[in-house]
Number of protein chains: 2
Amino acid sequence: MPEHGLDARKMKILHAIIKTYLETGEPVGSRTLSKYTDLNVSSATIRNEMADLEDLGYILQPHTSAGRIPSDKGYRLYVDMLMEEKEQEIIEMKELVLEKADQMEKLLKQAARVLADNTNYATMISAPTYNRNRLKFIQLSKVDETQLIAVIVMEGNIIKNKIVTVDQEIDNENLLKLNMLLNTSLNGMSIEEINLGMIARLKEQAGIHSEVISDVLDAVANVIQLEENPEIYTSGATNIFKYPELSDKQSAQEILNAFEEKQQLAELVTRTLASEEGSSTGIQVYIGSEMPVANMKDCSIVTATYELGKGMQGTIGIIGPKRMDYENVMKTLKTLKTELDTIFHKEE
Amino acid sequence: MPEHGLDARKMKILHAIIKTYLETGEPVGSRTLSKYTDLNVSSATIRNEMADLEDLGYILQPHTSAGRIPSDKGYRLYVDMLMEEKEQEIIEMKELVLEKADQMEKLLKQAARVLADNTNYATMISAPTYNRNRLKFIQLSKVDETQLIAVIVMEGNIIKNKIVTVDQEIDNENLLKLNMLLNTSLNGMSIEEINLGMIARLKEQAGIHSEVISDVLDAVANVIQLEENPEIYTSGATNIFKYPELSDKQSAQEILNAFEEKQQLAELVTRTLASEEGSSTGIQVYIGSEMPVANMKDCSIVTATYELGKGMQGTIGIIGPKRMDYENVMKTLKTLKTELDTIFHKEE
DNA sequence: GTTAGCACTCGAAAACAAGGAGTGCTAATA
DNA sequence: TATTAGCACTCCTTGTTTTCGAGTGCTAAC
């Protein structure tokens, strides 16, 4: 177990350093620690131990005559320890009660906000991406003489619609035929299964209305595109101003920029979904330089994956300073994750 | 014309002060101005004039031994002058070419981004709100045994859908009836016209499927709600960091917060739409304390209204420091406005 | 009415001076 | 041998003082 090569006391000291630094945000010195309750040793002893810990790379000294702060490696050890702790009890959290929202979008937005308000960190939630999309239903309806509306429903009730303008009016009978044709051919299909040959056959069967088919298929393609570029909802980005180490002009701008562009966050999401290995708990932690996105080197992010069943999943993330309250954040995240899981499964 | 009570030279000096301040962001002194090309007077003279201008409230002195900066009143005069200038030529702006996007949402997001990138200010665009929504089309379709999908199309092709779960399966014949019923009763109706009596009548006619009606009407109500709470897209919020006077921790946080919450921006939009009076040009300018939203007292915002025809309109806004390049901003905004106008009218 | 000249003001930046938290090392202690 | 007290040293932080210079208002001359 002690693969980190730290004896019990060093461990205790490191733990104490991290804990206090999490609270104060300021380098912690030996004297402070010696007064720390259950270690009954003098500051000098602590200094010796700290020198060792520094040699081992678990803590750093910002400058010669300052206290110590945890290094990324130190945080990592701390977090891993938390992870190992027996299955954490799900905390009661009345504040997290999510109002029933009829649309996933609203629900997720709201979840992000609640999370941000509760934790005082910045949050992000990605809409679920669908590993294997299958068409469930397609419907063409006539809006007026020249306009049709195509409604496409994917498994998981992802709905998309598109207005299709046609040159010549389609009568009801033909419309019915087209609908039949589309549904019988495409129903239950995954995107990969719709190939060129099939499209050609469809167009042929559609006769004079073949160009409508193209438009409908465009809309289908659109749904896929949405899958590849998952929607991401964020909240509480300005919470970073609460942490002095992040709120100097330079870093604040970079972080907020990442939030606004969302591109980088998206990258992070896919990364998280891909490497589903921290999976005993389903929670992953990136600390500082471990972060897959640049210019957030001073942050940590804790992510969890929620399930919507049928191979669809999304990511919840909390982004804060490296000295974030990992313990609490992980608990909270876990709670929200299960919350979302149950909501979505109920709704099915 | 000279209702401001300034002779030509004072005018020139004020203009020069503002211009240089816009560029440098620093208080401008008399010596700087005396070297200003076309005023061939000494710094002493300028000082005298500046004292007058200060008495009149057009400029301020941050502290005794500093140069002068424009006051809100000064900016206002400047902007009004710009407004009066003969209809500004629409500048060519290749960068503003907007890729054809199939969805309004994407289009507006993109427009906001382009605008932000081009101006180096923060931007916002509100989706059009519909003054008098009329239903154009309602369609209920069966997705599977227990689920229906209701698609609602409003005038202007605003589409909304909702999944409706039913207890007992509805056969195709009944579905057709419901569709007929809904469309004949509601088609062309504005929201205000759908009253309780009508709803009761509908339910009665729907017979055993009356609860479906409720759900569909809920969805209709949803569309209205969306109207009251217009979607707002923003971009380039972090541009404010480019202006030192806005990027201290305090103001940056407040401004960015307003951007994240968007509530305040929404307020601003409705305000803009309501007071359609700066309308010779269709452009409105709020300077500093004129701003209807609090905690953006150090900003100015320039807004324009674009039309989608049929009484629908949205707002484009550019938010920056008080010393923003009004002239250019107004031009740009006007360009984008017409751009949007034409795009939307083409798409109809 | 304009301008040169000058004393004055006041902020910004630089220079300086404690003060103090924290360290590393050494020597004494248990 | 591990711990601790003691001490000199480092270097950040804080506050004070000094300097510097841009800019002003006023007065007197043009």
# chains A, B, ... in the order shown; residues from 1 in each chain; ligands from 1
call {"tool": "interface_residues", "arguments": {"of": "chain B", "to": "chain C", "cutoff": "8 Å", "atoms": "only C-alpha atoms (C1' of nucleotides)", "output": "mmCIF file with C-alpha atoms, in the first residue's frame"}}
result
data_model
loop_
_atom_site.group_PDB
_atom_site.id
_atom_site.type_symbol
_atom_site.label_atom_id
_atom_site.label_comp_id
_atom_site.auth_asym_id
_atom_site.auth_seq_id
_atom_site.Cartn_x
_atom_site.Cartn_y
_atom_site.Cartn_z
ATOM 1 C CA SER B 42 -1.084 77.738 -27.658
ATOM 2 C CA ALA B 44 -2.511 78.306 -22.534
ATOM 3 C CA THR B 45 -5.452 79.202 -24.711
ATOM 4 C CA HIS B 63 -7.622 64.866 -10.295
ATOM 5 C CA THR B 64 -6.180 68.327 -10.031
ATOM 6 C CA SER B 65 -2.989 67.897 -11.948
#
call {"tool": "residues_around", "arguments": {"residues": "Glu169 (chain A)", "least_positions_apart": "3", "cutoff": "9 Å", "atoms": "only C-alpha atoms (C1' of nucleotides)", "output": "PDB file with N, CA and C atoms, in the first residue's frame"}}
result
ATOM      1  N   ASP A 144     -47.403  24.641 -45.697  1.00  0.00           N
ATOM      2  CA  ASP A 144     -48.266  25.299 -46.683  1.00  0.00           C
ATOM      3  C   ASP A 144     -47.886  24.795 -48.069  1.00  0.00           C
ATOM      4  N   GLU A 145     -48.276  25.506 -49.108  1.00  0.00           N
ATOM      5  CA  GLU A 145     -48.126  24.964 -50.456  1.00  0.00           C
ATOM      6  C   GLU A 145     -46.685  24.534 -50.760  1.00  0.00           C
ATOM      7  N   THR A 146     -45.745  25.397 -50.362  1.00  0.00           N
ATOM      8  CA  THR A 146     -44.375  25.140 -50.818  1.00  0.00           C
ATOM      9  C   THR A 146     -43.457  24.651 -49.705  1.00  0.00           C
ATOM     10  N   GLN A 147     -44.003  24.556 -48.514  1.00  0.00           N
ATOM     11  CA  GLN A 147     -43.111  24.197 -47.429  1.00  0.00           C
ATOM     12  C   GLN A 147     -43.527  22.934 -46.704  1.00  0.00           C
ATOM     13  N   VAL A 166     -40.182  23.117 -51.274  1.00  0.00           N
ATOM     14  CA  VAL A 166     -40.279  22.339 -52.514  1.00  0.00           C
ATOM     15  C   VAL A 166     -40.752  23.234 -53.658  1.00  0.00           C
TER      16      VAL A 166
END
call {"tool": "calpha_fit_and_write", "arguments": {"fixed": "chain B", "moving": "chain A", "output": "compact mmCIF listing (two decimals) with C-alpha atoms, in the first residue's frame"}}
result
# COMPACT_ATOMS: atom_id res chain seq x y z
CA MET A 1 -28.43 74.38 -34.09
CA PRO A 2 -25.92 75.37 -31.45
CA GLU A 3 -28.30 74.38 -28.69
CA HIS A 4 -25.35 73.12 -26.69
CA GLY A 5 -24.03 76.67 -26.37
CA LEU A 6 -20.55 75.94 -27.63
CA ASP A 7 -18.78 78.05 -30.16
CA ALA A 8 -16.91 76.50 -33.00
CA ARG A 9 -13.58 76.40 -31.27
CA LYS A 10 -14.85 74.86 -28.08
CA MET A 11 -16.55 72.31 -30.24
CA LYS A 12 -13.37 71.56 -32.03
CA ILE A 13 -11.47 71.21 -28.80
CA LEU A 14 -14.04 68.94 -27.27
CA HIS A 15 -14.01 66.85 -30.38
CA ALA A 16 -10.25 66.64 -30.28
CA ILE A 17 -10.26 65.67 -26.63
CA ILE A 18 -12.70 62.88 -27.24
CA LYS A 19 -10.94 61.60 -30.32
CA THR A 20 -7.56 61.40 -28.64
CA TYR A 21 -9.01 59.94 -25.50
CA LEU A 22 -10.72 57.27 -27.54
CA GLU A 23 -7.36 56.29 -28.92
CA THR A 24 -5.14 56.53 -25.93
CA GLY A 25 -7.48 55.92 -23.03
CA GLU A 26 -5.53 58.46 -21.03
CA PRO A 27 -6.40 61.93 -19.89
CA VAL A 28 -5.42 64.44 -22.52
CA GLY A 29 -3.69 67.68 -21.60
CA SER A 30 -3.56 71.10 -23.12
CA ARG A 31 -0.09 70.72 -24.53
CA THR A 32 -1.05 67.65 -26.49
CA LEU A 33 -3.98 69.46 -27.99
CA SER A 34 -2.01 72.57 -28.90
CA LYS A 35 0.12 70.42 -31.11
CA TYR A 36 -3.06 69.06 -32.65
CA THR A 37 -2.92 70.03 -36.28
CA ASP A 38 -5.62 72.43 -37.28
CA LEU A 39 -6.01 74.40 -34.10
CA ASN A 40 -3.26 76.95 -34.14
CA VAL A 41 -3.45 78.18 -30.61
CA SER A 42 -1.21 77.86 -27.62
CA SER A 43 -1.67 75.49 -24.78
CA ALA A 44 -2.63 78.34 -22.49
CA THR A 45 -5.58 79.24 -24.67
CA ILE A 46 -6.64 75.67 -24.70
CA ARG A 47 -6.42 75.58 -20.95
CA ASN A 48 -8.82 78.46 -20.75
CA GLU A 49 -11.24 76.82 -23.08
CA MET A 50 -10.95 73.56 -21.23
CA ALA A 51 -11.78 75.27 -17.98
CA ASP A 52 -14.96 76.51 -19.65
CA LEU A 53 -15.79 73.10 -21.03
CA GLU A 54 -15.32 71.66 -17.60
CA ASP A 55 -17.66 74.24 -16.10
CA LEU A 56 -20.22 73.33 -18.70
CA GLY A 57 -19.88 69.68 -17.73
CA TYR A 58 -18.54 68.27 -20.96
CA ILE A 59 -15.22 67.14 -19.61
CA LEU A 60 -13.76 66.06 -16.30
CA GLN A 61 -10.47 66.11 -14.51
CA PRO A 62 -9.69 62.84 -12.77
CA HIS A 63 -7.51 64.79 -10.36
CA THR A 64 -6.05 68.24 -10.08
CA SER A 65 -2.92 67.83 -12.06
CA ALA A 66 -4.18 65.57 -14.75
CA GLY A 67 -5.49 66.12 -18.24
CA ARG A 68 -9.16 65.99 -19.09
CA ILE A 69 -11.41 63.13 -20.05
CA PRO A 70 -14.86 63.35 -21.58
CA SER A 71 -17.85 63.19 -19.27
CA ASP A 72 -20.95 61.21 -20.15
CA LYS A 73 -22.47 64.47 -21.30
CA GLY A 74 -19.48 65.05 -23.54
CA TYR A 75 -19.77 61.63 -25.09
CA ARG A 76 -23.44 62.20 -25.61
CA LEU A 77 -22.84 65.39 -27.56
CA TYR A 78 -20.23 63.64 -29.64
CA VAL A 79 -22.49 60.74 -30.44
CA ASP A 80 -25.41 62.98 -31.29
CA MET A 81 -23.19 64.78 -33.72
CA LEU A 82 -22.28 61.53 -35.38
CA MET A 83 -25.93 60.65 -35.57
CA GLU A 84 -26.76 63.88 -37.36
CA GLU A 85 -24.24 63.33 -40.03
CA LYS A 86 -25.88 62.54 -43.31
CA GLU A 87 -26.82 58.95 -43.83
CA GLN A 88 -23.59 57.11 -43.44
CA GLU A 89 -22.45 55.11 -46.35
CA ILE A 90 -22.57 51.42 -45.71
CA ILE A 91 -19.03 50.26 -45.56
CA GLU A 92 -17.83 47.33 -47.46
CA MET A 93 -17.11 44.54 -45.04
CA LYS A 94 -16.07 41.28 -46.50
CA GLU A 95 -15.27 39.86 -43.14
CA LEU A 96 -18.88 40.10 -42.20
CA VAL A 97 -20.02 37.70 -44.82
CA LEU A 98 -22.06 35.23 -42.93
CA GLU A 99 -22.05 31.67 -43.94
CA LYS A 100 -25.46 30.48 -44.69
CA ALA A 101 -26.61 28.67 -41.61
CA ASP A 102 -29.69 26.57 -41.69
CA GLN A 103 -30.78 27.48 -38.25
CA MET A 104 -31.42 30.88 -36.89
CA GLU A 105 -29.70 29.97 -33.68
CA LYS A 106 -26.49 29.13 -35.41
CA LEU A 107 -26.73 32.16 -37.59
CA LEU A 108 -27.12 34.52 -34.68
CA LYS A 109 -24.38 32.88 -32.67
CA GLN A 110 -22.12 33.21 -35.58
CA ALA A 111 -23.08 36.80 -36.18
CA ALA A 112 -22.31 37.65 -32.58
CA ARG A 113 -18.94 36.05 -32.87
CA VAL A 114 -18.03 37.74 -36.13
CA LEU A 115 -19.05 41.06 -34.71
CA ALA A 116 -16.97 40.54 -31.59
CA ASP A 117 -13.95 39.46 -33.56
CA ASN A 118 -14.20 42.45 -35.83
CA THR A 119 -14.76 45.12 -33.27
CA ASN A 120 -12.83 43.90 -30.26
CA TYR A 121 -15.78 44.63 -28.09
CA ALA A 122 -18.27 42.36 -26.42
CA THR A 123 -21.41 41.69 -28.37
CA MET A 124 -24.90 40.39 -27.84
CA ILE A 125 -27.67 39.43 -30.18
CA SER A 126 -31.17 38.64 -29.11
CA ALA A 127 -33.28 36.22 -31.07
CA PRO A 128 -36.29 37.90 -32.55
CA THR A 129 -39.34 38.27 -30.40
CA TYR A 130 -42.68 38.03 -31.96
CA ASN A 131 -45.08 40.79 -31.36
CA ARG A 132 -48.11 38.90 -32.40
CA ASN A 133 -47.54 35.20 -32.63
CA ARG A 134 -49.87 33.27 -34.78
CA LEU A 135 -50.05 29.56 -34.98
CA LYS A 136 -49.41 28.29 -38.42
CA PHE A 137 -49.55 24.58 -38.03
CA ILE A 138 -49.85 21.84 -35.48
CA GLN A 139 -49.08 18.21 -36.07
CA LEU A 140 -49.43 15.25 -33.77
CA SER A 141 -47.60 12.13 -34.80
CA LYS A 142 -47.26 8.77 -33.21
CA VAL A 143 -43.74 7.83 -32.21
CA ASP A 144 -44.61 4.56 -30.58
CA GLU A 145 -47.49 3.02 -28.66
CA THR A 146 -47.51 5.45 -25.78
CA GLN A 147 -45.76 8.46 -27.15
CA LEU A 148 -46.89 11.21 -29.43
CA ILE A 149 -44.88 14.07 -30.69
CA ALA A 150 -46.49 17.45 -31.09
CA VAL A 151 -44.88 19.79 -33.54
CA ILE A 152 -45.95 23.39 -33.41
CA VAL A 153 -45.04 25.88 -36.06
CA MET A 154 -45.59 29.57 -35.51
CA GLU A 155 -45.52 32.27 -38.11
CA GLY A 156 -41.97 33.01 -39.00
CA ASN A 157 -41.33 29.29 -38.87
CA ILE A 158 -40.57 29.11 -35.22
CA ILE A 159 -40.76 25.45 -34.45
CA LYS A 160 -41.26 23.77 -31.16
CA ASN A 161 -41.90 20.19 -30.31
CA LYS A 162 -42.94 18.24 -27.32
CA ILE A 163 -43.23 14.60 -26.52
CA VAL A 164 -46.63 13.72 -25.13
CA THR A 165 -47.12 10.47 -23.30
CA VAL A 166 -50.57 8.99 -23.41
CA ASP A 167 -52.09 6.33 -21.24
CA GLN A 168 -53.93 4.47 -23.91
CA GLU A 169 -52.89 4.04 -27.44
CA ILE A 170 -54.50 6.24 -30.02
CA ASP A 171 -55.22 4.65 -33.34
CA ASN A 172 -54.41 6.35 -36.57
CA GLU A 173 -57.93 7.32 -37.29
CA ASN A 174 -58.36 9.13 -34.03
CA LEU A 175 -55.02 10.76 -34.45
CA LEU A 176 -56.11 12.13 -37.77
CA LYS A 177 -59.22 13.47 -36.15
CA LEU A 178 -57.27 15.15 -33.40
CA ASN A 179 -54.98 16.74 -35.91
CA MET A 180 -57.90 18.04 -37.91
CA LEU A 181 -59.52 19.32 -34.81
CA LEU A 182 -56.45 21.14 -33.57
CA ASN A 183 -55.60 22.68 -36.88
CA THR A 184 -59.04 23.85 -37.80
CA SER A 185 -59.59 25.36 -34.39
CA LEU A 186 -56.23 26.91 -33.75
CA ASN A 187 -54.82 27.69 -37.12
CA GLY A 188 -54.00 31.34 -37.61
CA MET A 189 -54.81 32.12 -34.01
CA SER A 190 -52.74 34.43 -31.93
CA ILE A 191 -52.02 33.41 -28.41
CA GLU A 192 -54.36 35.92 -26.90
CA GLU A 193 -57.20 34.54 -28.89
CA ILE A 194 -56.99 31.10 -27.37
CA ASN A 195 -59.18 31.46 -24.34
CA LEU A 196 -60.59 29.14 -21.78
CA GLY A 197 -63.87 28.67 -23.57
CA MET A 198 -62.13 27.50 -26.64
CA ILE A 199 -59.99 25.10 -24.66
CA ALA A 200 -63.04 23.62 -23.02
CA ARG A 201 -64.73 23.19 -26.37
CA LEU A 202 -61.67 21.51 -27.76
CA LYS A 203 -61.42 19.10 -24.90
CA GLU A 204 -65.04 18.25 -25.22
CA GLN A 205 -64.68 17.49 -28.88
CA ALA A 206 -61.59 15.42 -28.26
CA GLY A 207 -63.58 13.02 -26.16
CA ILE A 208 -61.51 10.41 -24.41
CA HIS A 209 -58.28 11.95 -25.60
CA SER A 210 -58.93 15.28 -23.98
CA GLU A 211 -55.83 15.14 -21.83
CA VAL A 212 -53.69 15.13 -24.93
CA ILE A 213 -55.11 18.53 -25.73
CA SER A 214 -53.81 19.89 -22.45
CA ASP A 215 -50.32 18.76 -23.21
CA VAL A 216 -50.37 20.23 -26.64
CA LEU A 217 -51.63 23.51 -25.31
CA ASP A 218 -48.88 23.43 -22.73
CA ALA A 219 -46.42 23.24 -25.55
CA VAL A 220 -48.08 26.18 -27.22
CA ALA A 221 -47.80 28.13 -24.01
CA ASN A 222 -44.15 27.21 -24.01
CA VAL A 223 -43.61 28.95 -27.27
CA ILE A 224 -45.02 32.09 -25.79
CA GLN A 225 -42.85 31.81 -22.78
CA LEU A 226 -39.89 31.68 -25.06
CA GLU A 227 -41.11 34.89 -26.54
CA GLU A 228 -41.19 36.64 -23.23
CA ASN A 229 -37.72 35.46 -22.37
CA PRO A 230 -35.83 35.96 -25.52
CA GLU A 231 -32.76 33.87 -26.15
CA ILE A 232 -29.62 35.97 -26.08
CA TYR A 233 -26.34 35.06 -27.66
CA THR A 234 -23.16 36.73 -26.60
CA SER A 235 -19.61 36.69 -27.74
CA GLY A 236 -16.30 38.27 -26.98
CA ALA A 237 -17.12 39.06 -23.39
CA THR A 238 -13.49 38.68 -22.53
CA ASN A 239 -12.67 41.50 -24.86
CA ILE A 240 -13.26 43.81 -21.95
CA PHE A 241 -9.87 42.77 -20.66
CA LYS A 242 -8.44 44.75 -23.50
CA TYR A 243 -9.47 47.97 -21.84
CA PRO A 244 -7.59 48.68 -18.64
CA GLU A 245 -10.34 50.87 -17.25
CA LEU A 246 -12.66 47.87 -17.24
CA SER A 247 -10.35 45.10 -16.32
CA ASP A 248 -9.75 45.63 -12.68
CA LYS A 249 -11.11 42.79 -10.67
CA GLN A 250 -14.15 44.64 -9.47
CA SER A 251 -15.63 45.84 -12.73
CA ALA A 252 -14.52 42.85 -14.75
CA GLN A 253 -16.40 40.58 -12.43
CA GLU A 254 -19.52 42.66 -12.54
CA ILE A 255 -19.58 43.00 -16.27
CA LEU A 256 -18.83 39.38 -16.96
CA ASN A 257 -21.44 38.42 -14.48
CA ALA A 258 -24.03 40.42 -16.35
CA PHE A 259 -22.95 38.60 -19.46
CA GLU A 260 -23.21 35.23 -17.91
CA GLU A 261 -26.56 35.78 -16.31
CA LYS A 262 -27.94 37.45 -19.39
CA GLN A 263 -30.96 38.51 -17.42
CA GLN A 264 -29.78 42.07 -17.35
CA LEU A 265 -28.97 41.98 -21.00
CA ALA A 266 -32.49 40.80 -21.68
CA GLU A 267 -33.79 43.79 -19.82
CA LEU A 268 -31.68 45.95 -22.00
CA VAL A 269 -33.05 44.35 -25.11
CA THR A 270 -36.65 44.91 -24.18
CA ARG A 271 -35.80 48.44 -23.26
CA THR A 272 -34.26 48.99 -26.63
CA LEU A 273 -37.16 47.49 -28.48
CA ALA A 274 -39.65 49.52 -26.53
CA SER A 275 -38.13 52.92 -27.04
CA GLU A 276 -37.76 52.87 -30.75
CA GLU A 277 -37.09 56.56 -30.94
CA GLY A 278 -33.48 56.99 -31.88
CA SER A 279 -35.01 55.68 -35.00
CA SER A 280 -33.92 58.01 -37.70
CA THR A 281 -30.94 55.70 -37.90
CA GLY A 282 -32.40 52.82 -35.94
CA ILE A 283 -29.40 52.92 -33.67
CA GLN A 284 -29.36 53.71 -30.01
CA VAL A 285 -26.49 54.58 -27.76
CA TYR A 286 -26.39 54.34 -23.99
CA ILE A 287 -23.44 55.97 -22.34
CA GLY A 288 -22.30 55.10 -18.86
CA SER A 289 -24.94 56.17 -16.41
CA GLU A 290 -27.53 56.26 -19.15
CA MET A 291 -27.29 52.51 -19.19
CA PRO A 292 -30.48 50.89 -17.96
CA VAL A 293 -28.60 48.11 -16.20
CA ALA A 294 -26.66 48.77 -13.06
CA ASN A 295 -23.09 47.65 -12.52
CA MET A 296 -22.14 48.48 -16.05
CA LYS A 297 -21.77 52.14 -15.31
CA ASP A 298 -18.36 52.23 -16.89
CA CYS A 299 -19.53 50.86 -20.18
CA SER A 300 -21.33 52.11 -23.19
CA ILE A 301 -23.58 50.08 -25.37
CA VAL A 302 -24.68 50.66 -28.91
CA THR A 303 -27.71 48.76 -30.09
CA ALA A 304 -29.55 48.29 -33.34
CA THR A 305 -32.80 46.57 -34.12
CA TYR A 306 -33.10 44.16 -36.97
CA GLU A 307 -36.31 43.09 -38.57
CA LEU A 308 -37.55 39.70 -39.50
CA GLY A 309 -40.69 41.05 -41.05
CA LYS A 310 -44.19 40.49 -39.73
CA GLY A 311 -43.54 42.44 -36.58
CA MET A 312 -40.70 40.31 -35.34
CA GLN A 313 -37.53 41.99 -34.34
CA GLY A 314 -34.36 41.38 -32.43
CA THR A 315 -31.54 43.45 -31.10
CA ILE A 316 -27.85 43.56 -31.81
CA GLY A 317 -25.65 45.23 -29.26
CA ILE A 318 -22.03 46.12 -28.85
CA ILE A 319 -20.74 46.68 -25.37
CA GLY A 320 -17.46 48.31 -24.63
CA PRO A 321 -15.76 50.96 -22.58
CA LYS A 322 -17.15 54.45 -22.65
CA ARG A 323 -14.27 55.41 -24.83
CA MET A 324 -15.32 53.10 -27.59
CA ASP A 325 -14.93 53.94 -31.21
CA TYR A 326 -18.51 55.06 -31.65
CA GLU A 327 -18.14 56.06 -35.22
CA ASN A 328 -16.87 52.73 -36.36
CA VAL A 329 -19.16 50.76 -34.12
CA MET A 330 -22.21 52.49 -35.46
CA LYS A 331 -21.14 51.84 -39.00
CA THR A 332 -20.45 48.22 -38.34
CA LEU A 333 -23.69 47.74 -36.54
CA LYS A 334 -25.60 49.27 -39.35
CA THR A 335 -23.92 46.99 -41.79
CA LEU A 336 -24.73 43.90 -39.81
CA LYS A 337 -28.28 45.05 -39.33
CA THR A 338 -28.90 45.33 -43.04
CA GLU A 339 -27.04 42.11 -43.58
CA LEU A 340 -29.36 40.31 -41.20
CA ASP A 341 -32.39 42.03 -42.63
CA THR A 342 -31.63 40.80 -46.11
CA ILE A 343 -30.69 37.31 -45.02
CA PHE A 344 -33.92 36.88 -43.18
CA HIS A 345 -35.99 38.29 -45.95
CA LYS A 346 -34.35 36.07 -48.46
CA GLU A 347 -35.05 33.04 -46.36
CA GLU A 348 -38.75 33.68 -46.20
call {"tool": "select_by_dssp", "arguments": {"residues": "region 203-335 of chain B", "states": "strand (DSSP E)", "output": "JSON, numbers by chain"}}
result
{"B": [232, 233, 234, 235, 283, 284, 285, 286, 287, 299, 300, 301, 302, 303, 304, 305, 306, 307, 312, 313, 314, 315, 316, 317, 318, 319, 320, 321]}
call {"tool": "closest_atom_pairs", "arguments": {"of": "chain D", "to": "chain A", "cutoff": "7 Å", "atoms": "only C-alpha atoms (C1' of nucleotides)", "output": "JSON lines"}}
result
{"residue": "D:DT3", "atom": "C1'", "partner": "A:Thr45", "partner_atom": "CA", "distance": 6.8}
{"residue": "D:DT4", "atom": "C1'", "partner": "A:Ser42", "partner_atom": "CA", "distance": 6.7}
{"residue": "D:DT10", "atom": "C1'", "partner": "A:Ser65", "partner_atom": "CA", "distance": 5.9}
{"residue": "D:DC11", "atom": "C1'", "partner": "A:Ser65", "partner_atom": "CA", "distance": 6.0}
call {"tool": "select_by_dssp", "arguments": {"residues": "region 199-291 of chain B", "states": "alpha helix (DSSP H)", "output": "number ranges by chain"}}
result
B: 199-206, 210-228, 249-261, 263-274
call {"tool": "decode", "arguments": {"residues": "region 235-246 of chain A", "atoms": "C-alpha atoms", "output": "CSV table (one decimal), in the first residue's frame"}}
result
chain,number,residue,atom,x,y,z
A,235,SER,CA,-22.4,28.3,-15.2
A,236,GLY,CA,-20.7,30.3,-12.6
A,237,ALA,CA,-17.6,31.1,-14.7
A,238,THR,CA,-17.2,34.3,-12.7
A,239,ASN,CA,-16.7,32.3,-9.6
A,240,ILE,CA,-13.1,32.1,-10.4
A,241,PHE,CA,-12.8,35.7,-9.2
A,242,LYS,CA,-13.3,34.3,-5.8
A,243,TYR,CA,-9.9,32.8,-5.8
A,244,PRO,CA,-7.1,35.3,-5.9
A,245,GLU,CA,-4.7,33.0,-7.5
A,246,LEU,CA,-6.9,32.8,-10.6
